[in-house]
Amino acid sequence: MTLISKPPRISSAEREQRLDKLRSAMPANGLDAVIITPGSNMRYYFGEAFYESERFVGVLIMADRNIFICPKFEESAIRAKFAMASEMAFWEEHESPFALMASVLTDHGSKRCVLDPECSYGHAARLFEALNQLEKPILYGSAAQIIAPLRAIKSQAEIDLMIAAMQLTLSVHQTVFEWIRPGMKASAVIAEIDRLHRAGGADGGNSFCAVQFGEATSHPHGVPGDPVLQEGELILIDTGCTIDGYNSDITRTYALTKLGGEIEKLWQVEKEAQQAAFDRAAIGTPCEAVDKAARDVLISHGLGPDYDLPGLPHRTGHGIGLDIHEGPYLVKGDTTPLAAGMCFSNEPMIVVPGEYGIRLEDHFYMTASGPEWFTQPQEDLYRPFG
């Protein structure tokens, strides 16, 4: 495994641009403050996810400033992690951070704010209680409506990080295909994939890993246990890693020896459906139309319809970025028009209950002229890497 060439990390200048876009969108939504809490939104805007505990930490984003709210004894940690933490408000252990939040917001004349959708219910409930005790309640629900559309459009720097992560994971898949043999436990394969991701330069090892053999492949996310690969079984491996927080997520389904004609036939149907979804993606096309394109292929081969099995039990794809699953989604009902910078998985899995499942998963990103693959799709059931 060779070390990948890592693209530059997201710059402070790009994070400032993200904040500027958020601030520009706030007035149109009748907002004068957004509360960000630990998680991927905090990482997106400020470079670190931090962590959520019983001690509340958050950031108030207002028109002219960011104010970090944190326990006084965590000041040094916050300043070390967040270069953008220039203005801070502190609470001591016996004090309420939620009362402090209410005080800061009222001191700055805020009249309408929204909360990070990743905030836990416990903290959210306490914030609602504190802020809605004010003379005029000012907390008006989730910030998802304003943040999600901005995060959905990836910059070239974000796409470059995902290209690196995807290429690393594809290389790991290829190495494992050349190494895996009957008699190996799924846990041993997962451990090797983790080692290869680490050796290749991922942020850590696997961000996730599912290794399924035989009948277990018919369960989209696997079943408990540590099966041993038997001669002649179908293999499905779904794994990924992160580079500077940005995700990869690739699935390969293959066999080491010749299998029955029905599996070979449905493997080709799966590939046809994946290509149809890719071909349908175009600027302005609704997300749900991409899902329909894949399902139409399956229906033409007697599978489905809708989520009926044998067929496709889930959406065709999800957005990806700092979260491995993020909006918008390639699914019925999501009418978001495709736009340059959006990134999606393409994985219209076929499940034959009690027998096997076939999932080919690659991702594409939208450009002004149409979709581009992050990784080239699998070409053959028996020669998945050429």
# chains A, B, ... in the order shown; residues from 1 in each chain; ligands from 1
>>> residues_around(residues="Met166 of chain A", least_positions_apart="2", cutoff="10 Å", atoms="only C-alpha atoms", output="count of residues only")
23
>>> residues_around(residues="segment 16-18 of chain A", least_positions_apart="5", cutoff="10 Å", atoms="only C-alpha atoms", output="MDAnalysis selection string")
chainID A and resid 11 23:24 44:46 84 147 150:151
>>> residues_around(residues="Glu326 of chain A", least_positions_apart="6", cutoff="9 Å", atoms="only C-alpha atoms", output="ChimeraX atom specification")
/A:148,152,318-320
>>> closest_residue(among="A:Ile350, A:Met88, A:Ile36, A:Trp373", to="Glu75 of chain A", atoms="only C-alpha atoms")
A:Met88
>>> select_by_dssp(residues="segment 1-233 of chain A", states="helix (DSSP H, G or I)", output="NGL selection string")
:A and (12-25 or 27-29 or 40-46 or 72-81 or 97-107 or 121-131 or 144-152 or 156-179 or 186-200 or 214-218)
>>> closest_residue(among="A:Asp308, A:Asp107, A:Glu264, A:Asp334", to="Ala289 of chain A", atoms="only C-alpha atoms")
A:Asp334
>>> residues_around(residues="Leu360 of chain A", least_positions_apart="2", cutoff="8 Å", atoms="only C-alpha atoms", output="PDB file with C-alpha atoms, in the first residue's frame")
ATOM      1  CA  ILE A 250     -17.210   2.236  -2.008  1.00  0.00           C
ATOM      2  CA  THR A 251     -18.830  -1.194  -2.364  1.00  0.00           C
ATOM      3  CA  ARG A 252     -17.605  -4.062  -4.488  1.00  0.00           C
ATOM      4  CA  THR A 253     -19.437  -7.353  -5.051  1.00  0.00           C
ATOM      5  CA  GLU A 270     -27.120  -4.079 -11.185  1.00  0.00           C
ATOM      6  CA  LYS A 271     -24.403  -2.568 -13.358  1.00  0.00           C
ATOM      7  CA  GLN A 274     -26.006   2.014 -11.757  1.00  0.00           C
ATOM      8  CA  ASN A 346     -24.763   5.599  -6.778  1.00  0.00           C
ATOM      9  CA  GLU A 347     -25.744   2.200  -5.324  1.00  0.00           C
ATOM     10  CA  PRO A 348     -29.035   0.730  -6.589  1.00  0.00           C
ATOM     11  CA  MET A 349     -28.597  -2.584  -4.732  1.00  0.00           C
ATOM     12  CA  ILE A 358     -25.477  -7.370  -5.193  1.00  0.00           C
ATOM     13  CA  ASP A 362     -19.341   4.396  -6.610  1.00  0.00           C
ATOM     14  CA  PRO A 377     -17.307   1.425 -11.642  1.00  0.00           C
ATOM     15  CA  GLN A 378     -16.582  -2.277 -11.411  1.00  0.00           C
TER      16      GLN A 378
END
>>> select_by_dssp(residues="segment 20-193 of chain A", states="strand (DSSP E or B)", output="list in words")
Ala33, Val34, Ile35, Ile36, Gly58, Val59, Leu60, Ile61, Met62, Asn66, Ile67, Phe68, Ile69, Cys70, Pro71, Met88, Ala89, Phe90, Trp91, Cys113, Val114, Leu115, Leu139, Tyr140, Gly141, Ser142 and Lys185 of chain A
>>> write_last_selection(atoms="N, CA and C atoms", output="mmCIF file, in the first residue's frame")
data_model
loop_
_atom_site.group_PDB
_atom_site.id
_atom_site.type_symbol
_atom_site.label_atom_id
_atom_site.label_comp_id
_atom_site.auth_asym_id
_atom_site.auth_seq_id
_atom_site.Cartn_x
_atom_site.Cartn_y
_atom_site.Cartn_z
ATOM 1 N N ALA A 33 -29.232 35.173 13.944
ATOM 2 C CA ALA A 33 -28.239 34.341 14.638
ATOM 3 C C ALA A 33 -28.471 32.873 14.315
ATOM 4 N N VAL A 34 -27.359 32.138 14.237
ATOM 5 C CA VAL A 34 -27.384 30.681 14.077
ATOM 6 C C VAL A 34 -26.507 30.096 15.172
ATOM 7 N N ILE A 35 -27.016 29.081 15.868
ATOM 8 C CA ILE A 35 -26.261 28.433 16.940
ATOM 9 C C ILE A 35 -25.685 27.128 16.408
ATOM 10 N N ILE A 36 -24.361 27.011 16.431
ATOM 11 C CA ILE A 36 -23.664 25.815 15.964
ATOM 12 C C ILE A 36 -23.146 25.047 17.178
ATOM 13 N N GLY A 58 -20.843 25.756 22.279
ATOM 14 C CA GLY A 58 -21.494 26.166 21.045
ATOM 15 C C GLY A 58 -20.906 27.456 20.510
ATOM 16 N N VAL A 59 -21.333 27.811 19.315
ATOM 17 C CA VAL A 59 -20.897 29.054 18.690
ATOM 18 C C VAL A 59 -22.121 29.812 18.200
ATOM 19 N N LEU A 60 -22.198 31.068 18.565
ATOM 20 C CA LEU A 60 -23.228 31.956 18.033
ATOM 21 C C LEU A 60 -22.673 32.658 16.796
ATOM 22 N N ILE A 61 -23.301 32.446 15.662
ATOM 23 C CA ILE A 61 -22.913 33.140 14.432
ATOM 24 C C ILE A 61 -23.922 34.260 14.213
ATOM 25 N N MET A 62 -23.425 35.486 14.251
ATOM 26 C CA MET A 62 -24.280 36.656 14.031
ATOM 27 C C MET A 62 -23.737 37.462 12.866
ATOM 28 N N ASN A 66 -18.605 36.041 15.654
ATOM 29 C CA ASN A 66 -18.831 34.692 16.159
ATOM 30 C C ASN A 66 -18.479 34.721 17.643
ATOM 31 N N ILE A 67 -19.330 34.177 18.483
ATOM 32 C CA ILE A 67 -19.048 34.119 19.910
ATOM 33 C C ILE A 67 -19.092 32.662 20.352
ATOM 34 N N PHE A 68 -17.961 32.169 20.833
ATOM 35 C CA PHE A 68 -17.882 30.808 21.345
ATOM 36 C C PHE A 68 -18.380 30.784 22.784
ATOM 37 N N ILE A 69 -19.307 29.880 23.078
ATOM 38 C CA ILE A 69 -19.853 29.691 24.414
ATOM 39 C C ILE A 69 -19.248 28.416 24.974
ATOM 40 N N CYS A 70 -18.524 28.497 26.090
ATOM 41 C CA CYS A 70 -17.894 27.293 26.602
ATOM 42 C C CYS A 70 -17.613 27.387 28.097
ATOM 43 N N PRO A 71 -17.371 26.244 28.759
ATOM 44 C CA PRO A 71 -16.981 26.271 30.164
ATOM 45 C C PRO A 71 -15.662 27.028 30.323
ATOM 46 N N MET A 88 -15.199 35.124 23.061
ATOM 47 C CA MET A 88 -15.701 34.001 23.843
ATOM 48 C C MET A 88 -16.545 34.498 25.008
ATOM 49 N N ALA A 89 -17.501 33.659 25.413
ATOM 50 C CA ALA A 89 -18.300 33.916 26.620
ATOM 51 C C ALA A 89 -18.255 32.641 27.449
ATOM 52 N N PHE A 90 -17.996 32.791 28.737
ATOM 53 C CA PHE A 90 -17.734 31.627 29.580
ATOM 54 C C PHE A 90 -18.803 31.429 30.648
ATOM 55 N N TRP A 91 -19.004 30.179 31.014
ATOM 56 C CA TRP A 91 -19.832 29.832 32.163
ATOM 57 C C TRP A 91 -19.033 28.934 33.101
ATOM 58 N N CYS A 113 -33.432 33.271 16.040
ATOM 59 C CA CYS A 113 -32.276 32.417 15.773
ATOM 60 C C CYS A 113 -32.736 30.979 15.557
ATOM 61 N N VAL A 114 -31.837 30.173 15.001
ATOM 62 C CA VAL A 114 -32.110 28.754 14.786
ATOM 63 C C VAL A 114 -30.932 27.941 15.304
ATOM 64 N N LEU A 115 -31.182 26.638 15.515
ATOM 65 C CA LEU A 115 -30.226 25.756 16.191
ATOM 66 C C LEU A 115 -29.709 24.680 15.254
ATOM 67 N N LEU A 139 -35.994 31.460 19.645
ATOM 68 C CA LEU A 139 -35.471 30.250 19.017
ATOM 69 C C LEU A 139 -36.566 29.613 18.169
ATOM 70 N N TYR A 140 -36.311 29.532 16.857
ATOM 71 C CA TYR A 140 -37.331 29.127 15.903
ATOM 72 C C TYR A 140 -36.959 27.840 15.173
ATOM 73 N N GLY A 141 -36.494 26.843 15.912
ATOM 74 C CA GLY A 141 -36.290 25.537 15.304
ATOM 75 C C GLY A 141 -34.911 25.304 14.729
ATOM 76 N N SER A 142 -34.870 24.436 13.697
ATOM 77 C CA SER A 142 -33.627 23.903 13.163
ATOM 78 C C SER A 142 -32.988 24.819 12.111
ATOM 79 N N LYS A 185 -11.937 -15.342 8.120
ATOM 80 C CA LYS A 185 -13.053 -14.762 8.848
ATOM 81 C C LYS A 185 -13.299 -13.316 8.391
#
>>> atom_distance(atom1="atom CA of Leu256 of chain A", atom2="atom CA of Glu215 of chain A")
15.8 Å
>>> closest_residue(among="A:Glu54, A:Asp203, A:Asp279, A:Asp64", to="Met366 of chain A", atoms="only C-alpha atoms")
A:Asp279
>>> closest_residue(among="A:Ser187, A:Ser96, A:Thr285, A:Asn206", to="His123 of chain A", atoms="only C-alpha atoms")
A:Ser96
>>> residues_around(residues="Val290 of chain A", least_positions_apart="5", cutoff="12 Å", atoms="only C-alpha atoms", output="PyMOL selection string")
chain A and resi 273-285+295-297+315-318+329-338+344-348+371
>>> atom_distance(atom1="atom CA of Glu14 of chain A", atom2="atom CA of Ser53 of chain A")
28.3 Å
>>> residues_around(residues="Thr106 of chain A", least_positions_apart="4", cutoff="12 Å", atoms="only C-alpha atoms", output="list in words")
Asp32, Ala33, Ala99, Leu100, Met101, Ala102, Ser110, Lys111, Arg112, Cys113, Ala130, Leu131, Asn132, Gln133, Leu134, Glu135, Lys136, Pro137, Ile138 and Leu139 of chain A
>>> decode(residues="segment 8-23 of chain A", atoms="N, CA and C atoms", output="PDB file, in the first residue's frame")
ATOM      1  N   PRO A   8      -4.378  19.731  -0.134  1.00  0.00           N
ATOM      2  CA  PRO A   8      -4.334  20.682   0.993  1.00  0.00           C
ATOM      3  C   PRO A   8      -5.584  20.576   1.846  1.00  0.00           C
ATOM      4  N   ARG A   9      -5.437  20.823   3.136  1.00  0.00           N
ATOM      5  CA  ARG A   9      -6.580  20.904   4.022  1.00  0.00           C
ATOM      6  C   ARG A   9      -7.435  22.119   3.653  1.00  0.00           C
ATOM      7  N   ILE A  10      -8.667  22.129   4.122  1.00  0.00           N
ATOM      8  CA  ILE A  10      -9.539  23.276   3.896  1.00  0.00           C
ATOM      9  C   ILE A  10      -8.913  24.491   4.575  1.00  0.00           C
ATOM     10  N   SER A  11      -8.766  25.571   3.826  1.00  0.00           N
ATOM     11  CA  SER A  11      -8.069  26.750   4.331  1.00  0.00           C
ATOM     12  C   SER A  11      -8.970  27.604   5.221  1.00  0.00           C
ATOM     13  N   SER A  12      -8.337  28.439   6.029  1.00  0.00           N
ATOM     14  CA  SER A  12      -9.090  29.401   6.842  1.00  0.00           C
ATOM     15  C   SER A  12      -9.880  30.355   5.961  1.00  0.00           C
ATOM     16  N   ALA A  13      -9.296  30.708   4.813  1.00  0.00           N
ATOM     17  CA  ALA A  13      -9.993  31.614   3.897  1.00  0.00           C
ATOM     18  C   ALA A  13     -11.287  30.984   3.393  1.00  0.00           C
ATOM     19  N   GLU A  14     -11.244  29.680   3.084  1.00  0.00           N
ATOM     20  CA  GLU A  14     -12.466  29.020   2.618  1.00  0.00           C
ATOM     21  C   GLU A  14     -13.505  28.947   3.734  1.00  0.00           C
ATOM     22  N   ARG A  15     -13.055  28.720   4.962  1.00  0.00           N
ATOM     23  CA  ARG A  15     -14.015  28.689   6.073  1.00  0.00           C
ATOM     24  C   ARG A  15     -14.657  30.066   6.272  1.00  0.00           C
ATOM     25  N   GLU A  16     -13.882  31.127   6.100  1.00  0.00           N
ATOM     26  CA  GLU A  16     -14.448  32.475   6.200  1.00  0.00           C
ATOM     27  C   GLU A  16     -15.480  32.699   5.097  1.00  0.00           C
ATOM     28  N   GLN A  17     -15.204  32.184   3.913  1.00  0.00           N
ATOM     29  CA  GLN A  17     -16.166  32.305   2.814  1.00  0.00           C
ATOM     30  C   GLN A  17     -17.462  31.564   3.136  1.00  0.00           C
ATOM     31  N   ARG A  18     -17.339  30.409   3.794  1.00  0.00           N
ATOM     32  CA  ARG A  18     -18.532  29.662   4.192  1.00  0.00           C
ATOM     33  C   ARG A  18     -19.372  30.478   5.172  1.00  0.00           C
ATOM     34  N   LEU A  19     -18.703  31.095   6.127  1.00  0.00           N
ATOM     35  CA  LEU A  19     -19.415  31.931   7.099  1.00  0.00           C
ATOM     36  C   LEU A  19     -20.068  33.126   6.414  1.00  0.00           C
ATOM     37  N   ASP A  20     -19.375  33.701   5.446  1.00  0.00           N
ATOM     38  CA  ASP A  20     -19.952  34.835   4.713  1.00  0.00           C
ATOM     39  C   ASP A  20     -21.226  34.414   3.982  1.00  0.00           C
ATOM     40  N   LYS A  21     -21.217  33.216   3.373  1.00  0.00           N
ATOM     41  CA  LYS A  21     -22.406  32.724   2.668  1.00  0.00           C
ATOM     42  C   LYS A  21     -23.552  32.485   3.640  1.00  0.00           C
ATOM     43  N   LEU A  22     -23.217  31.951   4.814  1.00  0.00           N
ATOM     44  CA  LEU A  22     -24.258  31.731   5.817  1.00  0.00           C
ATOM     45  C   LEU A  22     -24.854  33.055   6.277  1.00  0.00           C
ATOM     46  N   ARG A  23     -23.978  34.018   6.540  1.00  0.00           N
ATOM     47  CA  ARG A  23     -24.468  35.333   6.978  1.00  0.00           C
ATOM     48  C   ARG A  23     -25.315  36.008   5.898  1.00  0.00           C
TER      49      ARG A  23
END
